[in-house]
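Undergrad: See my_file-v2.pdb below, with PDB, C-alpha atoms, pLDDT in the B column.
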```
ATOM      1  CA  MET A 629     119.728 -29.486 159.856  1.00 44.00           C
ATOM      2  CA  ASP A 630     118.637 -29.093 156.227  1.00 77.00           C
ATOM      3  CA  ASP A 631     115.328 -27.278 155.757  1.00 87.00           C
ATOM      4  CA  TYR A 632     114.428 -29.267 152.630  1.00 89.00           C
ATOM      5  CA  ASN A 633     114.912 -32.792 151.347  1.00 89.00           C
ATOM      6  CA  LEU A 634     114.874 -33.243 147.577  1.00 91.00           C
ATOM      7  CA  ASP A 635     113.033 -36.239 146.159  1.00 89.00           C
ATOM      8  CA  THR A 636     115.738 -37.047 143.619  1.00 90.00           C
ATOM      9  CA  ASP A 637     114.442 -40.589 143.146  1.00 92.00           C
ATOM     10  CA  ARG A 638     110.977 -39.534 141.998  1.00 94.00           C
ATOM     11  CA  GLU A 639     111.800 -39.783 138.310  1.00 90.00           C
ATOM     12  CA  ASP A 640     113.075 -43.361 138.694  1.00 90.00           C
ATOM     13  CA  ARG A 641     110.111 -44.244 140.875  1.00 94.00           C
ATOM     14  CA  LEU A 642     107.279 -42.568 138.972  1.00 91.00           C
ATOM     15  CA  GLY A 643     108.693 -41.480 135.625  1.00 90.00           C
ATOM     16  CA  PHE A 644     108.648 -37.736 136.259  1.00 91.00           C
ATOM     17  CA  PRO A 645     110.716 -35.360 138.420  1.00 92.00           C
ATOM     18  CA  GLU A 646     109.817 -33.358 141.481  1.00 93.00           C
ATOM     19  CA  VAL A 647     108.442 -29.867 140.828  1.00 96.00           C
ATOM     20  CA  ILE A 648     109.045 -27.099 143.370  1.00 96.00           C
ATOM     21  CA  PHE A 649     106.135 -25.137 144.848  1.00 97.00           C
ATOM     22  CA  GLY A 650     107.657 -21.668 145.011  1.00 96.00           C
ATOM     23  CA  ALA A 651     104.942 -19.544 146.593  1.00 95.00           C
ATOM     24  CA  THR A 652     105.872 -20.265 150.215  1.00 95.00           C
ATOM     25  CA  LYS A 653     109.635 -20.508 149.775  1.00 96.00           C
ATOM     26  CA  SER A 654     112.051 -17.593 150.043  1.00 95.00           C
ATOM     27  CA  ALA A 655     114.209 -16.547 147.099  1.00 96.00           C
ATOM     28  CA  GLU A 656     117.210 -17.755 149.075  1.00 96.00           C
ATOM     29  CA  MET A 657     115.765 -21.231 149.587  1.00 96.00           C
ATOM     30  CA  LEU A 658     114.639 -21.467 145.960  1.00 97.00           C
ATOM     31  CA  THR A 659     118.150 -20.506 144.866  1.00 97.00           C
ATOM     32  CA  ARG A 660     119.634 -23.304 146.955  1.00 96.00           C
ATOM     33  CA  ILE A 661     117.130 -25.885 145.715  1.00 96.00           C
ATOM     34  CA  LEU A 662     117.536 -24.934 142.059  1.00 97.00           C
ATOM     35  CA  SER A 663     121.324 -24.874 142.447  1.00 96.00           C
ATOM     36  CA  ASP A 664     121.206 -28.410 143.818  1.00 95.00           C
ATOM     37  CA  TYR A 665     119.290 -29.592 140.771  1.00 95.00           C
ATOM     38  CA  GLN A 666     121.612 -27.704 138.438  1.00 95.00           C
ATOM     39  CA  SER A 667     124.696 -29.237 140.082  1.00 95.00           C
ATOM     40  CA  MET A 668     123.221 -32.679 139.361  1.00 94.00           C
ATOM     41  CA  GLY A 669     122.804 -31.737 135.708  1.00 94.00           C
ATOM     42  CA  ARG A 670     119.013 -31.729 136.009  1.00 95.00           C
ATOM     43  CA  ASN A 671     116.431 -29.290 134.785  1.00 96.00           C
ATOM     44  CA  ALA A 672     113.916 -27.987 137.341  1.00 97.00           C
ATOM     45  CA  LEU A 673     110.657 -26.069 137.495  1.00 98.00           C
ATOM     46  CA  ALA A 674     109.383 -23.886 140.322  1.00 98.00           C
ATOM     47  CA  THR A 675     105.710 -22.902 140.228  1.00 98.00           C
ATOM     48  CA  ARG A 676     104.029 -19.822 141.717  1.00 98.00           C
ATOM     49  CA  VAL A 677     107.245 -17.830 142.045  1.00 97.00           C
ATOM     50  CA  GLN A 678     106.156 -14.285 142.865  1.00 96.00           C
ATOM     51  CA  PRO A 679     107.661 -11.446 140.769  1.00 96.00           C
ATOM     52  CA  GLU A 680     109.609 -10.058 143.723  1.00 95.00           C
ATOM     53  CA  LYS A 681     111.590 -13.321 143.867  1.00 96.00           C
ATOM     54  CA  LYS A 682     112.294 -13.814 140.168  1.00 94.00           C
ATOM     55  CA  ASP A 683     114.850 -10.978 139.876  1.00 94.00           C
ATOM     56  CA  ALA A 684     117.022 -12.562 142.558  1.00 94.00           C
ATOM     57  CA  LEU A 685     116.670 -15.960 140.894  1.00 97.00           C
ATOM     58  CA  LEU A 686     117.539 -14.664 137.436  1.00 97.00           C
ATOM     59  CA  LYS A 687     120.784 -13.209 138.815  1.00 96.00           C
ATOM     60  CA  HIS A 688     121.818 -16.726 139.812  1.00 96.00           C
ATOM     61  CA  PHE A 689     120.314 -18.447 136.745  1.00 97.00           C
ATOM     62  CA  PRO A 690     120.590 -16.023 133.798  1.00 96.00           C
ATOM     63  CA  ASP A 691     119.642 -18.709 131.247  1.00 96.00           C
ATOM     64  CA  ALA A 692     116.394 -19.558 133.043  1.00 97.00           C
ATOM     65  CA  GLU A 693     112.952 -18.551 131.799  1.00 97.00           C
ATOM     66  CA  TYR A 694     110.288 -16.856 133.903  1.00 98.00           C
ATOM     67  CA  ASP A 695     106.669 -16.620 132.791  1.00 97.00           C
ATOM     68  CA  PRO A 696     105.045 -13.699 134.632  1.00 97.00           C
ATOM     69  CA  THR A 697     101.513 -14.829 133.774  1.00 97.00           C
ATOM     70  CA  SER A 698     101.724 -18.185 135.538  1.00 98.00           C
ATOM     71  CA  MET A 699     104.738 -17.258 137.717  1.00 97.00           C
ATOM     72  CA  SER A 700     106.554 -20.361 136.465  1.00 98.00           C
ATOM     73  CA  PHE A 701     110.360 -20.431 136.688  1.00 98.00           C
ATOM     74  CA  ILE A 702     112.158 -23.100 134.638  1.00 98.00           C
ATOM     75  CA  LEU A 703     115.917 -23.499 134.597  1.00 97.00           C
ATOM     76  CA  GLN A 704     116.025 -24.491 130.939  1.00 96.00           C
ATOM     77  CA  ALA A 705     112.952 -24.208 128.744  1.00 96.00           C
ATOM     78  CA  ASN A 706     112.914 -26.986 126.151  1.00 95.00           C
ATOM     79  CA  LYS A 707     112.478 -26.072 122.494  1.00 94.00           C
ATOM     80  CA  LEU A 708     109.410 -28.063 121.479  1.00 93.00           C
ATOM     81  CA  GLU A 709     107.282 -27.842 118.349  1.00 88.00           C
ATOM     82  CA  ASP A 710     103.529 -27.250 118.562  1.00 84.00           C
ATOM     83  CA  ALA A 711     103.176 -29.456 115.490  1.00 85.00           C
ATOM     84  CA  ASP A 712     104.263 -32.422 117.634  1.00 87.00           C
ATOM     85  CA  ALA A 713     101.754 -31.670 120.402  1.00 95.00           C
ATOM     86  CA  ARG A 714      99.661 -34.498 121.807  1.00 96.00           C
ATOM     87  CA  VAL A 715      98.147 -32.393 124.582  1.00 98.00           C
ATOM     88  CA  GLY A 716      95.741 -29.565 123.894  1.00 98.00           C
ATOM     89  CA  ILE A 717      95.290 -26.928 126.609  1.00 98.00           C
ATOM     90  CA  LEU A 718      92.040 -25.027 126.114  1.00 98.00           C
ATOM     91  CA  SER A 719      90.902 -21.939 127.956  1.00 97.00           C
ATOM     92  CA  ALA A 720      87.412 -20.493 128.108  1.00 97.00           C
ATOM     93  CA  GLY A 721      88.801 -16.960 128.282  1.00 95.00           C
ATOM     94  CA  SER A 722      92.067 -15.063 128.122  1.00 95.00           C
ATOM     95  CA  SER A 723      91.785 -14.440 131.878  1.00 96.00           C
ATOM     96  CA  ASP A 724      92.470 -18.160 132.395  1.00 97.00           C
ATOM     97  CA  GLN A 725      95.950 -17.827 130.890  1.00 97.00           C
ATOM     98  CA  HIS A 726      97.732 -18.179 134.237  1.00 97.00           C
ATOM     99  CA  VAL A 727      96.399 -21.733 134.561  1.00 98.00           C
ATOM    100  CA  VAL A 728      97.046 -22.577 130.911  1.00 98.00           C
ATOM    101  CA  ASN A 729     100.668 -21.456 131.149  1.00 98.00           C
ATOM    102  CA  GLU A 730     101.298 -23.354 134.372  1.00 98.00           C
ATOM    103  CA  ALA A 731     100.184 -26.545 132.613  1.00 98.00           C
ATOM    104  CA  TYR A 732     102.211 -25.625 129.529  1.00 98.00           C
ATOM    105  CA  TYR A 733     105.498 -25.081 131.380  1.00 98.00           C
ATOM    106  CA  THR A 734     104.996 -28.215 133.448  1.00 98.00           C
ATOM    107  CA  LEU A 735     104.657 -30.226 130.256  1.00 98.00           C
ATOM    108  CA  ASN A 736     107.662 -28.401 128.806  1.00 98.00           C
ATOM    109  CA  LEU A 737     109.764 -29.630 131.732  1.00 97.00           C
ATOM    110  CA  LEU A 738     108.595 -33.142 130.829  1.00 97.00           C
ATOM    111  CA  HIS A 739     109.615 -32.746 127.155  1.00 96.00           C
ATOM    112  CA  THR A 740     105.949 -32.957 126.155  1.00 97.00           C
ATOM    113  CA  PRO A 741     104.801 -30.498 123.474  1.00 96.00           C
ATOM    114  CA  ALA A 742     101.410 -28.920 124.096  1.00 97.00           C
ATOM    115  CA  LYS A 743      99.223 -26.661 121.981  1.00 97.00           C
ATOM    116  CA  ARG A 744      97.460 -23.757 123.695  1.00 97.00           C
ATOM    117  CA  VAL A 745      94.000 -22.985 122.328  1.00 97.00           C
ATOM    118  CA  ASN A 746      92.866 -19.853 124.126  1.00 96.00           C
ATOM    119  CA  ASP A 747      89.593 -17.974 124.478  1.00 96.00           C
ATOM    120  CA  VAL A 748      87.183 -20.581 123.080  1.00 96.00           C
ATOM    121  CA  GLY A 749      84.530 -20.380 125.803  1.00 95.00           C
ATOM    122  CA  VAL A 750      80.809 -20.965 125.531  1.00 94.00           C
ATOM    123  CA  ALA A 751      79.972 -17.256 125.243  1.00 93.00           C
ATOM    124  CA  GLY A 752      81.168 -17.594 121.630  1.00 95.00           C
ATOM    125  CA  ILE A 753      80.813 -21.302 120.992  1.00 95.00           C
ATOM    126  CA  HIS A 754      81.678 -20.951 117.301  1.00 96.00           C
ATOM    127  CA  ARG A 755      85.297 -20.333 118.354  1.00 96.00           C
ATOM    128  CA  LEU A 756      85.475 -23.851 119.779  1.00 97.00           C
ATOM    129  CA  LEU A 757      83.638 -25.419 116.845  1.00 96.00           C
ATOM    130  CA  ASP A 758      86.132 -23.834 114.450  1.00 96.00           C
ATOM    131  CA  ARG A 759      88.982 -25.709 116.213  1.00 96.00           C
ATOM    132  CA  LEU A 760      87.444 -29.178 116.500  1.00 96.00           C
ATOM    133  CA  ASP A 761      89.470 -30.699 113.665  1.00 94.00           C
ATOM    134  CA  ASP A 762      92.709 -29.538 115.316  1.00 93.00           C
ATOM    135  CA  LEU A 763      91.611 -30.824 118.698  1.00 96.00           C
ATOM    136  CA  LYS A 764      90.680 -34.262 117.386  1.00 96.00           C
ATOM    137  CA  ALA A 765      94.380 -34.851 116.688  1.00 95.00           C
ATOM    138  CA  MET A 766      95.250 -34.496 120.402  1.00 96.00           C
ATOM    139  CA  LYS A 767      95.573 -37.493 122.713  1.00 97.00           C
ATOM    140  CA  VAL A 768      94.597 -35.613 125.905  1.00 98.00           C
ATOM    141  CA  LEU A 769      92.769 -32.343 126.482  1.00 98.00           C
ATOM    142  CA  ILE A 770      93.166 -30.015 129.452  1.00 98.00           C
ATOM    143  CA  VAL A 771      90.191 -27.634 129.629  1.00 98.00           C
ATOM    144  CA  VAL A 772      90.350 -24.540 131.850  1.00 98.00           C
ATOM    145  CA  ALA A 773      87.317 -22.406 132.681  1.00 97.00           C
ATOM    146  CA  GLY A 774      86.140 -19.962 135.304  1.00 96.00           C
ATOM    147  CA  PHE A 775      82.736 -18.309 135.798  1.00 96.00           C
ATOM    148  CA  GLU A 776      80.149 -21.135 135.469  1.00 95.00           C
ATOM    149  CA  GLY A 777      82.765 -23.640 134.268  1.00 95.00           C
ATOM    150  CA  ALA A 778      80.748 -24.906 131.311  1.00 97.00           C
ATOM    151  CA  LEU A 779      83.496 -25.442 128.727  1.00 98.00           C
ATOM    152  CA  PRO A 780      84.689 -28.911 129.864  1.00 98.00           C
ATOM    153  CA  SER A 781      81.124 -30.255 129.654  1.00 97.00           C
ATOM    154  CA  VAL A 782      80.752 -28.944 126.121  1.00 97.00           C
ATOM    155  CA  VAL A 783      84.137 -30.342 125.069  1.00 98.00           C
ATOM    156  CA  GLY A 784      83.251 -33.631 126.749  1.00 97.00           C
ATOM    157  CA  GLY A 785      80.116 -33.863 124.644  1.00 96.00           C
ATOM    158  CA  LEU A 786      81.976 -33.224 121.391  1.00 97.00           C
ATOM    159  CA  LEU A 787      85.340 -34.988 121.700  1.00 97.00           C
ATOM    160  CA  SER A 788      86.298 -38.491 122.814  1.00 95.00           C
ATOM    161  CA  GLN A 789      89.770 -38.004 124.342  1.00 96.00           C
ATOM    162  CA  PRO A 790      90.511 -38.053 128.077  1.00 97.00           C
ATOM    163  CA  ILE A 791      89.529 -34.617 129.376  1.00 98.00           C
ATOM    164  CA  ILE A 792      91.064 -33.002 132.447  1.00 98.00           C
ATOM    165  CA  ALA A 793      88.934 -30.091 133.605  1.00 98.00           C
ATOM    166  CA  VAL A 794      90.507 -27.273 135.613  1.00 98.00           C
ATOM    167  CA  PRO A 795      88.289 -24.714 137.351  1.00 98.00           C
ATOM    168  CA  SER A 796      89.888 -21.277 137.437  1.00 98.00           C
ATOM    169  CA  SER A 797      89.343 -18.613 140.072  1.00 97.00           C
ATOM    170  CA  VAL A 798      88.060 -16.125 137.477  1.00 96.00           C
ATOM    171  CA  GLY A 799      84.590 -14.591 137.651  1.00 95.00           C
ATOM    172  CA  TYR A 800      82.218 -12.118 139.272  1.00 94.00           C
ATOM    173  CA  GLY A 801      80.295 -12.465 142.511  1.00 95.00           C
ATOM    174  CA  VAL A 802      79.577 -16.097 143.425  1.00 92.00           C
ATOM    175  CA  ALA A 803      82.022 -17.208 140.711  1.00 93.00           C
ATOM    176  CA  THR A 804      84.929 -15.471 142.465  1.00 92.00           C
ATOM    177  CA  GLY A 805      87.440 -17.980 143.768  1.00 96.00           C
ATOM    178  CA  GLY A 806      86.472 -20.783 141.390  1.00 96.00           C
ATOM    179  CA  ASN A 807      84.084 -22.763 143.588  1.00 96.00           C
ATOM    180  CA  THR A 808      81.162 -22.326 141.194  1.00 97.00           C
ATOM    181  CA  ALA A 809      83.267 -23.656 138.299  1.00 97.00           C
ATOM    182  CA  LEU A 810      84.570 -26.498 140.480  1.00 98.00           C
ATOM    183  CA  ASN A 811      81.080 -27.620 141.491  1.00 97.00           C
ATOM    184  CA  ALA A 812      79.843 -27.369 137.909  1.00 97.00           C
ATOM    185  CA  MET A 813      82.688 -29.539 136.639  1.00 97.00           C
ATOM    186  CA  LEU A 814      82.251 -32.090 139.425  1.00 97.00           C
ATOM    187  CA  SER A 815      78.544 -32.349 138.584  1.00 96.00           C
ATOM    188  CA  SER A 816      79.042 -32.364 134.799  1.00 96.00           C
ATOM    189  CA  CYS A 817      76.806 -34.622 132.728  1.00 94.00           C
ATOM    190  CA  ALA A 818      79.691 -35.170 130.268  1.00 95.00           C
ATOM    191  CA  ASN A 819      80.734 -38.752 130.943  1.00 93.00           C
ATOM    192  CA  GLY A 820      84.169 -39.476 132.318  1.00 94.00           C
ATOM    193  CA  ILE A 821      85.813 -36.068 132.593  1.00 96.00           C
ATOM    194  CA  THR A 822      88.371 -35.684 135.382  1.00 97.00           C
ATOM    195  CA  VAL A 823      88.470 -32.551 137.552  1.00 98.00           C
ATOM    196  CA  THR A 824      91.458 -31.021 139.348  1.00 98.00           C
ATOM    197  CA  ASN A 825      91.546 -28.499 142.159  1.00 98.00           C
ATOM    198  CA  ILE A 826      91.019 -24.793 141.460  1.00 98.00           C
ATOM    199  CA  ASP A 827      93.775 -23.166 139.337  1.00 98.00           C
ATOM    200  CA  ASN A 828      95.792 -26.402 139.405  1.00 98.00           C
ATOM    201  CA  GLY A 829      97.391 -26.278 135.969  1.00 98.00           C
ATOM    202  CA  TYR A 830     100.374 -28.194 137.342  1.00 98.00           C
ATOM    203  CA  GLY A 831      98.203 -31.090 138.508  1.00 97.00           C
ATOM    204  CA  ALA A 832      96.363 -31.214 135.193  1.00 98.00           C
ATOM    205  CA  ALA A 833      99.651 -31.398 133.293  1.00 98.00           C
ATOM    206  CA  MET A 834     100.902 -34.228 135.477  1.00 98.00           C
ATOM    207  CA  ALA A 835      97.656 -36.145 134.953  1.00 97.00           C
ATOM    208  CA  ALA A 836      97.975 -35.696 131.189  1.00 98.00           C
ATOM    209  CA  TYR A 837     101.566 -36.908 131.317  1.00 97.00           C
ATOM    210  CA  ARG A 838     100.593 -40.041 133.248  1.00 97.00           C
ATOM    211  CA  ILE A 839      97.975 -40.815 130.578  1.00 97.00           C
ATOM    212  CA  LEU A 840     100.498 -40.355 127.765  1.00 97.00           C
ATOM    213  CA  LYS A 841     102.987 -42.633 129.482  1.00 95.00           C
ATOM    214  CA  GLN A 842     100.382 -45.388 129.580  1.00 94.00           C
ATOM    215  CA  ILE A 843      99.531 -44.830 125.923  1.00 94.00           C
ATOM    216  CA  ASP A 844     103.229 -45.202 125.077  1.00 92.00           C
ATOM    217  CA  ALA A 845     103.808 -48.226 127.349  1.00 84.00           C
TER     218      ALA A 845
END
```
Kindly return the structure encoded in the file as structure tokens.
TA:
Amino acid sequence: MDDYNLDTDREDRLGFPEVIFGATKSAEMLTRILSDYQSMGRNALATRVQPEKKDALLKHFPDAEYDPTSMSFILQANKLEDADARVGILSAGSSDQHVVNEAYYTLNLLHTPAKRVNDVGVAGIHRLLDRLDDLKAMKVLIVVAGFEGALPSVVGGLLSQPIIAVPSSVGYGVATGGNTALNAMLSSCANGITVTNIDNGYGAAMAAYRILKQIDA
């Protein structure tokens, strides 16, 4: 009996393909799943692929791209221009890059250019203010923050686009694990921001893509 069952109809049903959660799958199973997609002429993305698995995968898929920061493995990275980006992915600090890159590569799979705006957290708020004109051109903003999770509230008070807040598991003491940032974002006084689960860059990217599809409908 097969130990997996690909949802090959998801793109027809929902408008976007299945993405593979790689953390709990062996390199052997990931190889079989990715080979199935490749044999159908489809691109595929596996998230959270630990470094010890990527070497085995790259032997089977030498043209694939692996991002060690987010542990994202994509069969064929699309060449997209930042100048065409309609999604901005902001991070409060450079330590949030693993979440930023997971969102970025998910959107890349979906042929959706995104611009990464890193290290613009509230500890140096001028860094965010210097980028406001660029950010106003975006249709959707994904905002990633750890520690006290304040950045999405600030962005939500300055910019009018749909904002998807992502708490990251970065911080000291009570901030460790991301629950402080999660609770702060859920209780934000910035009207109408949406909050994903901790470190869920993939989910934020999919939410942004759903919004863009409705804009384009």
Undergrad: Counting all atoms listed in the file, figure out which residue out of A:Arg670, A:Tyr665, A:Lys743, A:Thr659 gets nearest to Asp683 in chain A.
TA: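 Using all atoms listed in the file, the shortest distance to Asp683 in chain A belongs to A:Thr659.
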Undergrad: Could you jot down the CA of Ala705 in chain A to CA of Thr675 in chain A separation for me, Å, one decimal place?
TA: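 Atom-to-atom, CA of Ala705 in chain A and CA of Thr675 in chain A are spaced 13.6 Å apart.
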Undergrad: For Phe775 in chain A, list every protein, DNA or RNA residue within 10 Å, evaluated using all atoms listed in the file, and leave out those in the same chain fewer than 6 positions away; present the list as a list in words.
TA: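 Returned residues: Ala720, Gly721, Pro795, Ser796, Ser797, Val798, Gly799, Tyr800, Gly801, Val802, Ala803, Thr804, Gly805, Gly806, Asn807, Thr808, Ala809, Leu810 and Ala812 of chain A.
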Undergrad: Find the residue from A:Ala773, A:Ile826, A:Lys653, A:Thr636 that sits nearest to Met668 in chain A; use only C-alpha atoms when measuring.
TA: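 Nearest candidate to Met668 in chain A out of A:Ala773, A:Ile826, A:Lys653, A:Thr636: A:Thr636.
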Undergrad: Applying the PyMOL selection byres ((chain A and resi 837) around 12) to the file I just gave you, which residues come out? Please list them as a ChimeraX atom specification.
TA: /A:642-645,714-716,731-732,734-742,767-770,790,792,830-836,838-844
Undergrad: Taking 2 positions as the minimum chain separation for residues in the same chain, which residues sit within 12 Å of Asp747 in chain A when counting all atoms listed in the file? Answer as a list of chain:residue names.
TA: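 Surrounding residues, per the criterion: A:Ile717, A:Leu718, A:Ser719, A:Ala720, A:Gly721, A:Ser722, A:Ser723, A:Asp724, A:Gln725, A:Val728, A:Arg744, A:Val745, A:Gly749, A:Val750, A:Ala751, A:Gly752, A:Ile753, A:His754, A:Arg755, A:Leu756, A:Arg759, A:Val771, A:Val772, A:Ala773, A:Gly774, A:Leu779.
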Undergrad: Name the residues, using the chain letters and numbers of the file, that sit within 7 Å of (93.8, -25.3, 139.4) when counting all atoms listed in the file, and give them as a PyMOL selection string.
TA: chain A and resi 727+794-796+824-829
Undergrad: Could those residues be written to a file, using C-alpha atoms, as a short mmCIF file (atom, residue, chain, number, x, y, z; two decimals), keeping the file's coordinate frame?
TA:
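File selection05.cif, as written:
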```cif
data_model
loop_
_atom_site.label_atom_id
_atom_site.label_comp_id
_atom_site.auth_asym_id
_atom_site.auth_seq_id
_atom_site.Cartn_x
_atom_site.Cartn_y
_atom_site.Cartn_z
CA VAL A 727 96.40 -21.73 134.56
CA VAL A 794 90.51 -27.27 135.61
CA PRO A 795 88.29 -24.71 137.35
CA SER A 796 89.89 -21.28 137.44
CA THR A 824 91.46 -31.02 139.35
CA ASN A 825 91.55 -28.50 142.16
CA ILE A 826 91.02 -24.79 141.46
CA ASP A 827 93.78 -23.17 139.34
CA ASN A 828 95.79 -26.40 139.40
CA GLY A 829 97.39 -26.28 135.97
#
```
Undergrad: Report, in Å with one decimal, the straight-line distance from CA of Pro690 in chain A to CA of Tyr632 in chain A.
TA: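 Computed distance, CA of Pro690 in chain A to CA of Tyr632 in chain A, equals 23.8 Å.
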Undergrad: For a quick check of understanding, using only C-alpha atoms, which of A:Asn819, A:Asn811, A:Asn746, A:Asn729 has the smallest distance to Ser698 in chain A?
TA: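 Using only C-alpha atoms, the shortest distance to Ser698 in chain A belongs to A:Asn729.
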Undergrad: Identify the residues around (125.8, -23.5, 139.0) within a radius of 8 Å, measuring from all atoms listed in the file in the coordinates stated by the file, and give them as an MDAnalysis selection string.
TA: chainID A and resid 663 666:667 688:689
Undergrad: If you count only C-alpha atoms, which residues fall within 7 Å of Ala692 in chain A, apart from same-chain ones fewer than 2 positions away, as a list in words?
TA: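 The contact residues come out as Leu686, Phe689, Pro690, Tyr694, Ile702, Leu703 and Gln704 of chain A.
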Undergrad: What would the file look like if the residues just selected were written as a PDB file, in the coordinates of the input with C-alpha atoms?
TA:
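Result written to part_37.pdb:
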```pdb
ATOM      1  CA  LEU A 686     117.539 -14.664 137.436  1.00 97.00           C
ATOM      2  CA  PHE A 689     120.314 -18.447 136.745  1.00 97.00           C
ATOM      3  CA  PRO A 690     120.590 -16.023 133.798  1.00 96.00           C
ATOM      4  CA  TYR A 694     110.288 -16.856 133.903  1.00 98.00           C
ATOM      5  CA  ILE A 702     112.158 -23.100 134.638  1.00 98.00           C
ATOM      6  CA  LEU A 703     115.917 -23.499 134.597  1.00 97.00           C
ATOM      7  CA  GLN A 704     116.025 -24.491 130.939  1.00 96.00           C
TER       8      GLN A 704
END
```
Undergrad: Provide the CA of Ile648 in chain A to CA of Pro679 in chain A distance in Å, to one decimal place.
TA: 15.9 Å
Undergrad: Nearest to Thr822 in chain A: which of A:Pro696, A:Gln789, A:Asp712, A:Glu656 is it, counting all atoms listed in the file?
TA: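 Checking each of A:Pro696, A:Gln789, A:Asp712, A:Glu656 against Thr822 in chain A, counting all atoms listed in the file, the winner is A:Gln789.
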